[in-house]
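Just coords_37.pdb here, PDB, C-alpha atoms:
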```
ATOM      1  CA  MET M 472     106.045  54.282 268.906  1.00  0.00           C
ATOM      2  CA  SER M 473     102.356  54.803 268.307  1.00  0.00           C
ATOM      3  CA  ASN M 474     101.427  57.259 271.034  1.00  0.00           C
ATOM      4  CA  ILE M 475     104.010  60.006 271.123  1.00  0.00           C
ATOM      5  CA  LYS M 476     101.854  62.644 272.840  1.00  0.00           C
ATOM      6  CA  SER M 477     103.228  61.644 276.224  1.00  0.00           C
ATOM      7  CA  GLU M 478     106.799  62.139 274.981  1.00  0.00           C
ATOM      8  CA  ILE M 479     106.419  65.509 273.213  1.00  0.00           C
ATOM      9  CA  ASP M 480     106.964  67.635 276.343  1.00  0.00           C
ATOM     10  CA  LYS M 481     110.163  65.740 277.194  1.00  0.00           C
ATOM     11  CA  TRP M 482     111.439  66.067 273.629  1.00  0.00           C
ATOM     12  CA  TYR M 483     110.773  69.791 273.660  1.00  0.00           C
ATOM     13  CA  GLU M 484     112.660  70.266 276.928  1.00  0.00           C
ATOM     14  CA  ASN M 485     115.545  67.988 275.899  1.00  0.00           C
ATOM     15  CA  TYR M 486     116.064  69.215 272.358  1.00  0.00           C
ATOM     16  CA  ILE M 487     114.854  72.835 272.063  1.00  0.00           C
ATOM     17  CA  ASP M 488     118.311  74.372 272.436  1.00  0.00           C
ATOM     18  CA  GLU M 489     119.938  71.953 269.999  1.00  0.00           C
ATOM     19  CA  LEU M 490     117.121  72.393 267.484  1.00  0.00           C
ATOM     20  CA  PHE M 491     117.409  76.160 267.765  1.00  0.00           C
ATOM     21  CA  ALA M 492     121.186  76.087 267.203  1.00  0.00           C
ATOM     22  CA  TYR M 493     120.732  73.759 264.235  1.00  0.00           C
ATOM     23  CA  GLY M 494     118.025  75.992 262.743  1.00  0.00           C
ATOM     24  CA  ILE M 495     120.128  79.138 263.139  1.00  0.00           C
ATOM     25  CA  ALA M 496     122.950  77.401 261.265  1.00  0.00           C
ATOM     26  CA  PHE M 497     120.786  77.575 258.120  1.00  0.00           C
ATOM     27  CA  GLY M 498     121.342  81.328 258.090  1.00  0.00           C
ATOM     28  CA  VAL M 499     117.754  82.319 258.863  1.00  0.00           C
ATOM     29  CA  GLU M 500     116.402  84.741 261.463  1.00  0.00           C
ATOM     30  CA  LYS M 501     115.875  83.663 265.076  1.00  0.00           C
ATOM     31  CA  ASP M 502     112.117  84.255 264.909  1.00  0.00           C
ATOM     32  CA  PHE M 503     111.931  82.166 261.736  1.00  0.00           C
ATOM     33  CA  VAL M 504     113.638  79.264 263.524  1.00  0.00           C
ATOM     34  CA  LEU M 505     111.441  79.576 266.614  1.00  0.00           C
ATOM     35  CA  ASP M 506     108.316  79.586 264.435  1.00  0.00           C
ATOM     36  CA  ALA M 507     109.528  76.490 262.600  1.00  0.00           C
ATOM     37  CA  ILE M 508     110.249  74.676 265.881  1.00  0.00           C
ATOM     38  CA  HIS M 509     106.862  75.573 267.324  1.00  0.00           C
ATOM     39  CA  ASP M 510     105.127  74.530 264.094  1.00  0.00           C
ATOM     40  CA  LEU M 511     107.007  71.237 264.249  1.00  0.00           C
ATOM     41  CA  PHE M 512     105.883  70.476 267.796  1.00  0.00           C
ATOM     42  CA  LEU M 513     102.318  71.607 267.074  1.00  0.00           C
ATOM     43  CA  HIS M 514     102.243  69.257 264.086  1.00  0.00           C
ATOM     44  CA  LEU M 515     103.608  66.435 266.260  1.00  0.00           C
ATOM     45  CA  PHE M 516     100.913  67.016 268.852  1.00  0.00           C
ATOM     46  CA  GLU M 517      98.074  67.282 266.326  1.00  0.00           C
ATOM     47  CA  SER M 518      99.226  64.283 264.281  1.00  0.00           C
ATOM     48  CA  ALA M 519     100.551  62.083 267.083  1.00  0.00           C
ATOM     49  CA  ASP M 520      98.214  59.219 266.188  1.00  0.00           C
ATOM     50  CA  LYS M 521      99.429  59.149 262.583  1.00  0.00           C
ATOM     51  CA  ILE M 522     103.173  59.576 263.104  1.00  0.00           C
ATOM     52  CA  GLU M 523     105.510  56.675 263.658  1.00  0.00           C
ATOM     53  CA  ILE M 524     109.089  57.454 264.604  1.00  0.00           C
ATOM     54  CA  LEU M 525     111.327  54.587 263.574  1.00  0.00           C
ATOM     55  CA  GLY M 526     114.759  55.987 264.509  1.00  0.00           C
ATOM     56  CA  SER M 527     115.747  58.135 267.429  1.00  0.00           C
ATOM     57  CA  PRO M 528     113.447  61.040 268.324  1.00  0.00           C
ATOM     58  CA  LYS M 529     116.410  63.414 268.128  1.00  0.00           C
ATOM     59  CA  SER M 530     117.248  62.545 264.524  1.00  0.00           C
ATOM     60  CA  TYR M 531     113.538  62.666 263.626  1.00  0.00           C
ATOM     61  CA  LEU M 532     113.230  66.174 265.109  1.00  0.00           C
ATOM     62  CA  PHE M 533     116.388  67.445 263.386  1.00  0.00           C
ATOM     63  CA  SER M 534     115.208  66.049 260.057  1.00  0.00           C
ATOM     64  CA  ALA M 535     111.683  67.415 260.471  1.00  0.00           C
ATOM     65  CA  LEU M 536     113.017  70.866 261.418  1.00  0.00           C
ATOM     66  CA  LYS M 537     115.302  70.934 258.396  1.00  0.00           C
ATOM     67  CA  ASN M 538     112.364  69.966 256.162  1.00  0.00           C
ATOM     68  CA  LYS M 539     110.178  72.712 257.690  1.00  0.00           C
ATOM     69  CA  ILE M 540     112.878  75.330 257.166  1.00  0.00           C
ATOM     70  CA  ILE M 541     113.528  74.280 253.570  1.00  0.00           C
ATOM     71  CA  THR M 542     109.803  74.125 252.795  1.00  0.00           C
ATOM     72  CA  SER M 543     109.341  77.629 254.197  1.00  0.00           C
ATOM     73  CA  LEU M 544     112.329  78.911 252.196  1.00  0.00           C
ATOM     74  CA  ARG M 545     110.835  77.377 249.040  1.00  0.00           C
ATOM     75  CA  LYS M 546     107.510  79.096 249.680  1.00  0.00           C
ATOM     76  CA  GLN M 547     109.207  82.433 250.295  1.00  0.00           C
ATOM     77  CA  ALA M 548     111.182  82.127 247.078  1.00  0.00           C
ATOM     78  CA  ASN M 549     108.168  80.800 245.134  1.00  0.00           C
ATOM     79  CA  TRP M 550     109.941  77.593 244.179  1.00  0.00           C
ATOM     80  CA  LEU M 551     107.500  75.363 242.412  1.00  0.00           C
ATOM     81  CA  SER M 552     109.482  72.164 242.034  1.00  0.00           C
ATOM     82  CA  LEU M 553     109.958  69.954 245.045  1.00  0.00           C
ATOM     83  CA  GLU M 554     112.724  68.172 243.148  1.00  0.00           C
ATOM     84  CA  GLU M 555     114.759  71.354 242.930  1.00  0.00           C
ATOM     85  CA  GLU M 556     117.676  71.422 245.357  1.00  0.00           C
ATOM     86  CA  VAL M 557     117.330  74.272 247.825  1.00  0.00           C
ATOM     87  CA  GLU M 558     120.606  76.090 248.327  1.00  0.00           C
ATOM     88  CA  TYR M 559     121.043  77.245 251.892  1.00  0.00           C
ATOM     89  CA  ASN M 560     123.990  78.786 253.628  1.00  0.00           C
ATOM     90  CA  PHE M 561     124.839  76.492 256.532  1.00  0.00           C
ATOM     91  CA  LYS M 562     127.008  78.396 259.032  1.00  0.00           C
ATOM     92  CA  ILE M 563     128.896  77.129 262.025  1.00  0.00           C
ATOM     93  CA  GLU M 564     129.747  79.726 264.626  1.00  0.00           C
ATOM     94  CA  VAL M 565     133.153  79.087 266.116  1.00  0.00           C
ATOM     95  CA  ASP M 566     133.563  79.847 269.804  1.00  0.00           C
ATOM     96  CA  ALA M 567     137.007  79.014 271.100  1.00  0.00           C
ATOM     97  CA  GLU M 568     136.519  81.051 274.295  1.00  0.00           C
ATOM     98  CA  ALA M 569     136.048  77.968 276.439  1.00  0.00           C
ATOM     99  CA  LEU M 570     139.266  76.489 275.052  1.00  0.00           C
ATOM    100  CA  MET M 571     141.617  79.447 275.460  1.00  0.00           C
ATOM    101  CA  GLU M 572     142.163  82.219 277.930  1.00  0.00           C
ATOM    102  CA  ASP M 573     144.226  84.545 275.723  1.00  0.00           C
ATOM    103  CA  GLU M 574     141.791  86.726 273.753  1.00  0.00           C
ATOM    104  CA  GLU M 575     144.090  87.381 270.807  1.00  0.00           C
ATOM    105  CA  GLU M 576     145.030  83.721 270.456  1.00  0.00           C
ATOM    106  CA  ARG M 577     141.336  82.773 270.669  1.00  0.00           C
ATOM    107  CA  ARG M 578     140.392  85.239 267.906  1.00  0.00           C
ATOM    108  CA  ASN M 579     143.193  83.928 265.688  1.00  0.00           C
ATOM    109  CA  TYR M 580     142.050  80.326 266.137  1.00  0.00           C
ATOM    110  CA  GLU M 581     138.427  81.270 265.480  1.00  0.00           C
ATOM    111  CA  LYS M 582     139.421  83.002 262.237  1.00  0.00           C
ATOM    112  CA  GLU M 583     141.548  80.067 261.136  1.00  0.00           C
ATOM    113  CA  VAL M 584     138.836  77.494 261.927  1.00  0.00           C
ATOM    114  CA  GLU M 585     136.241  79.639 260.126  1.00  0.00           C
ATOM    115  CA  SER M 586     138.533  79.845 257.099  1.00  0.00           C
ATOM    116  CA  LEU M 587     138.818  76.040 257.114  1.00  0.00           C
ATOM    117  CA  LEU M 588     135.053  75.663 257.370  1.00  0.00           C
ATOM    118  CA  ASN M 589     134.607  78.110 254.503  1.00  0.00           C
ATOM    119  CA  LEU M 590     136.522  75.676 252.291  1.00  0.00           C
ATOM    120  CA  LEU M 591     133.612  73.248 252.653  1.00  0.00           C
ATOM    121  CA  THR M 592     130.303  73.058 250.837  1.00  0.00           C
ATOM    122  CA  ASN M 593     127.144  73.771 252.824  1.00  0.00           C
ATOM    123  CA  LYS M 594     126.357  70.047 253.039  1.00  0.00           C
ATOM    124  CA  GLN M 595     129.877  69.257 254.257  1.00  0.00           C
ATOM    125  CA  ARG M 596     129.635  71.981 256.925  1.00  0.00           C
ATOM    126  CA  GLU M 597     126.286  70.568 258.010  1.00  0.00           C
ATOM    127  CA  VAL M 598     127.709  67.046 258.328  1.00  0.00           C
ATOM    128  CA  ILE M 599     130.747  68.311 260.272  1.00  0.00           C
ATOM    129  CA  TYR M 600     128.420  70.288 262.574  1.00  0.00           C
ATOM    130  CA  LEU M 601     126.161  67.306 263.237  1.00  0.00           C
ATOM    131  CA  ARG M 602     129.024  64.850 263.723  1.00  0.00           C
ATOM    132  CA  PHE M 603     131.628  66.818 265.657  1.00  0.00           C
ATOM    133  CA  ILE M 604     129.721  69.618 267.344  1.00  0.00           C
ATOM    134  CA  LYS M 605     126.392  67.889 268.044  1.00  0.00           C
ATOM    135  CA  ALA M 606     128.089  64.464 268.397  1.00  0.00           C
ATOM    136  CA  LEU M 607     125.414  62.629 266.446  1.00  0.00           C
ATOM    137  CA  SER M 608     126.035  59.129 265.170  1.00  0.00           C
ATOM    138  CA  ILE M 609     126.513  58.354 261.483  1.00  0.00           C
ATOM    139  CA  GLN M 610     123.096  56.661 261.504  1.00  0.00           C
ATOM    140  CA  GLU M 611     121.376  59.695 263.055  1.00  0.00           C
ATOM    141  CA  ILE M 612     123.008  62.011 260.515  1.00  0.00           C
ATOM    142  CA  SER M 613     121.901  59.756 257.664  1.00  0.00           C
ATOM    143  CA  GLU M 614     118.308  59.911 258.971  1.00  0.00           C
ATOM    144  CA  ILE M 615     118.427  63.716 259.272  1.00  0.00           C
ATOM    145  CA  LEU M 616     119.887  64.254 255.804  1.00  0.00           C
ATOM    146  CA  ASN M 617     117.961  61.385 254.224  1.00  0.00           C
ATOM    147  CA  ILE M 618     121.095  59.788 252.775  1.00  0.00           C
ATOM    148  CA  THR M 619     122.821  56.466 253.403  1.00  0.00           C
ATOM    149  CA  PRO M 620     125.330  56.033 256.244  1.00  0.00           C
ATOM    150  CA  LYS M 621     127.947  55.277 253.587  1.00  0.00           C
ATOM    151  CA  SER M 622     127.266  58.684 251.994  1.00  0.00           C
ATOM    152  CA  VAL M 623     127.613  60.363 255.386  1.00  0.00           C
ATOM    153  CA  ARG M 624     130.980  58.703 255.969  1.00  0.00           C
ATOM    154  CA  LYS M 625     132.146  59.693 252.495  1.00  0.00           C
ATOM    155  CA  MET M 626     130.986  63.293 253.019  1.00  0.00           C
ATOM    156  CA  ILE M 627     132.840  63.500 256.352  1.00  0.00           C
ATOM    157  CA  TYR M 628     135.948  62.002 254.756  1.00  0.00           C
ATOM    158  CA  ARG M 629     135.858  64.487 251.883  1.00  0.00           C
ATOM    159  CA  ALA M 630     135.261  67.421 254.237  1.00  0.00           C
ATOM    160  CA  ILE M 631     138.200  66.439 256.420  1.00  0.00           C
ATOM    161  CA  GLU M 632     140.344  65.867 253.347  1.00  0.00           C
ATOM    162  CA  ARG M 633     139.461  69.335 252.035  1.00  0.00           C
ATOM    163  CA  MET M 634     140.275  70.911 255.391  1.00  0.00           C
ATOM    164  CA  GLN M 635     143.554  69.007 255.564  1.00  0.00           C
ATOM    165  CA  GLN M 636     144.503  70.550 252.280  1.00  0.00           C
ATOM    166  CA  GLY M 637     143.807  73.940 253.903  1.00  0.00           C
ATOM    167  CA  LYS M 638     145.642  73.556 257.198  1.00  0.00           C
ATOM    168  CA  ILE M 639     146.486  70.269 258.843  1.00  0.00           C
ATOM    169  CA  GLU M 640     147.270  71.632 262.301  1.00  0.00           C
ATOM    170  CA  LEU M 641     143.802  73.156 262.806  1.00  0.00           C
ATOM    171  CA  LEU M 642     141.981  69.926 262.062  1.00  0.00           C
ATOM    172  CA  PHE M 643     142.754  68.791 265.591  1.00  0.00           C
ATOM    173  CA  LEU M 644     141.280  71.979 267.029  1.00  0.00           C
ATOM    174  CA  LEU M 645     138.022  71.315 265.182  1.00  0.00           C
ATOM    175  CA  MET M 646     137.940  67.799 266.631  1.00  0.00           C
ATOM    176  CA  PHE M 647     138.297  69.245 270.159  1.00  0.00           C
ATOM    177  CA  LEU M 648     135.425  71.725 269.744  1.00  0.00           C
ATOM    178  CA  ARG M 649     133.247  68.768 270.554  1.00  0.00           C
TER     179      ARG M 649
END
```

Once you've parsed the file, please lay out its structure as structure tokens.
Amino acid sequence: MSNIKSEIDKWYENYIDELFAYGIAFGVEKDFVLDAIHDLFLHLFESADKIEILGSPKSYLFSALKNKIITSLRKQANWLSLEEEVEYNFKIEVDAEALMEDEEERRNYEKEVESLLNLLTNKQREVIYLRFIKALSIQEISEILNITPKSVRKMIYRAIERMQQGKIELLFLLMFLR
């Protein structure tokens, strides 16, 4: 796709909410995420002639936003090495309100699901978020995280296995949050 300028407005409208939710999951401030998203789209517009998007635009945007956030975090922390793994706290906010009417039961499920998610590493939480909450394909997740589809599958398997060790009955609830 050589000329993406004509698509940028549509991408912004279609993906702004999802990009914002994904950015917030990195545990950074709302303004920080909005700045990163706007910088991303400004860069896309200014460099449209030089950018070629091979996969889906959605996975490209998610990946580019993650890279912008991590780059900004590195600069803030004065990290010098690009090879150094940036540790970020990927959070998934659980909202069972749409699933249950009873407030107390909803709060209990939210706490239990959060405790299951806390058993996972940040990368595992991110993969679970992208796969089951954002309903992205294995291929799209691999493009966003810059890992192979096989690694994505293995990470999902290990995350589910770890949660099963925590509480088997709540695994199904997580699957229905989709």

Atom-to-atom span, atom CA of Glu500 of chain M and atom CA of Ser530 of chain M, Å: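 Answer for the atom CA of Glu500 of chain M to atom CA of Ser530 of chain M separation: 22.4 Å.
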
Give as JSON, numbers by chain every residue, naming chains and numbers as the document does, that has an atom within 12 Å of (121.2, 58.8, 263.4), counting only C-alpha atoms. {"M": [525, 526, 527, 528, 529, 530, 531, 532, 533, 534, 598, 601, 602, 605, 606, 607, 608, 609, 610, 611, 612, 613, 614, 615, 616, 617, 618, 619, 620, 623]}

Expected selection from the PyMOL selection byres ((chain M and resi 629) around 12), given as number ranges by chain: M: 590-592, 594-596, 598-599, 622-628, 630-636

Need the shell around segment 536-549 of chain M: protein/DNA/RNA residues with any atom at most 8 Å away, counting all atoms listed in the file. Skip same-chain ones fewer than 5 positions apart. Format as a ChimeraX atom specification? /M:490,494,504,507-508,511,557,615

Work out how far apart atom CA of Phe497 of chain M and atom CA of Asn589 of chain M are and give it in Å to one decimal.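 Spanning atom CA of Phe497 of chain M to atom CA of Asn589 of chain M is a straight-line distance of 14.3 Å.
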
Looking at all atoms listed in the file, which of M:Ile524, M:Leu588, M:Ile604, M:Leu513 is the one that sits closest to Tyr483 of chain M?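 Counting all atoms listed in the file, the residue closest to Tyr483 of chain M is M:Leu513.
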
Distance atom CA of Ile495 of chain M-atom CA of Phe603 of chain M, one decimal place? 17.0 Å

For Phe512 of chain M, the nearest of the candidates M:Glu489, M:Glu581, M:Asp480, M:Glu574, counting all atoms listed in the file: M:Asp480

Using the chain letters and numbering of this document, enumerate as number ranges by chain the residues selected by the PyMOL selection byres ((chain M and resi 522) around 12). M: 472-476, 514-521, 523-525, 528, 531, 535

I'd like to know which of M:Glu597, M:Asn485, M:Gly637, M:Ser477 is closest to Val584 of chain M, using all atoms listed in the file.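 Among the listed residues, the smallest separation from Val584 of chain M belongs to M:Gly637.
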
Output segment 524-548 of chain M with N, CA and C atoms present, as a short mmCIF file (atom, residue, chain, number, x, y, z; two decimals), keeping the file's coordinate frame.
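Below is the file that was written, rebuild25.cif:
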```cif
data_model
loop_
_atom_site.label_atom_id
_atom_site.label_comp_id
_atom_site.auth_asym_id
_atom_site.auth_seq_id
_atom_site.Cartn_x
_atom_site.Cartn_y
_atom_site.Cartn_z
N ILE M 524 107.68 57.10 264.61
CA ILE M 524 109.09 57.45 264.60
C ILE M 524 109.90 56.17 264.71
N LEU M 525 110.60 55.86 263.63
CA LEU M 525 111.33 54.59 263.57
C LEU M 525 112.71 54.69 264.18
N GLY M 526 113.41 55.80 263.96
CA GLY M 526 114.76 55.99 264.51
C GLY M 526 114.68 56.68 265.85
N SER M 527 115.73 57.40 266.17
CA SER M 527 115.75 58.14 267.43
C SER M 527 114.89 59.39 267.30
N PRO M 528 114.24 59.81 268.38
CA PRO M 528 113.45 61.04 268.32
C PRO M 528 114.29 62.25 267.95
N LYS M 529 115.53 62.28 268.41
CA LYS M 529 116.41 63.41 268.13
C LYS M 529 116.66 63.54 266.63
N SER M 530 116.99 62.46 265.96
CA SER M 530 117.25 62.54 264.52
C SER M 530 115.96 62.86 263.77
N TYR M 531 114.83 62.34 264.25
CA TYR M 531 113.54 62.67 263.63
C TYR M 531 113.27 64.17 263.72
N LEU M 532 113.49 64.75 264.90
CA LEU M 532 113.23 66.17 265.11
C LEU M 532 114.16 67.04 264.27
N PHE M 533 115.44 66.69 264.21
CA PHE M 533 116.39 67.44 263.39
C PHE M 533 115.97 67.40 261.92
N SER M 534 115.62 66.22 261.45
CA SER M 534 115.21 66.05 260.06
C SER M 534 113.93 66.82 259.77
N ALA M 535 112.96 66.72 260.66
CA ALA M 535 111.68 67.42 260.47
C ALA M 535 111.88 68.94 260.49
N LEU M 536 112.75 69.43 261.37
CA LEU M 536 113.02 70.87 261.42
C LEU M 536 113.68 71.33 260.12
N LYS M 537 114.65 70.58 259.65
CA LYS M 537 115.30 70.93 258.40
C LYS M 537 114.27 70.99 257.27
N ASN M 538 113.40 69.99 257.20
CA ASN M 538 112.36 69.97 256.16
C ASN M 538 111.43 71.17 256.27
N LYS M 539 111.05 71.54 257.50
CA LYS M 539 110.18 72.71 257.69
C LYS M 539 110.87 73.98 257.22
N ILE M 540 112.13 74.13 257.56
CA ILE M 540 112.88 75.33 257.17
C ILE M 540 113.00 75.40 255.64
N ILE M 541 113.36 74.29 255.02
CA ILE M 541 113.53 74.28 253.57
C ILE M 541 112.19 74.51 252.87
N THR M 542 111.13 73.91 253.38
CA THR M 542 109.80 74.12 252.80
C THR M 542 109.41 75.60 252.89
N SER M 543 109.66 76.20 254.02
CA SER M 543 109.34 77.63 254.20
C SER M 543 110.18 78.50 253.27
N LEU M 544 111.46 78.16 253.11
CA LEU M 544 112.33 78.91 252.20
C LEU M 544 111.84 78.78 250.76
N ARG M 545 111.39 77.59 250.39
CA ARG M 545 110.84 77.38 249.04
C ARG M 545 109.61 78.26 248.82
N LYS M 546 108.73 78.28 249.80
CA LYS M 546 107.51 79.10 249.68
C LYS M 546 107.85 80.57 249.55
N GLN M 547 108.81 81.03 250.35
CA GLN M 547 109.21 82.43 250.30
C GLN M 547 109.81 82.80 248.94
N ALA M 548 110.52 81.85 248.35
CA ALA M 548 111.18 82.13 247.08
C ALA M 548 110.32 81.70 245.89
#
```
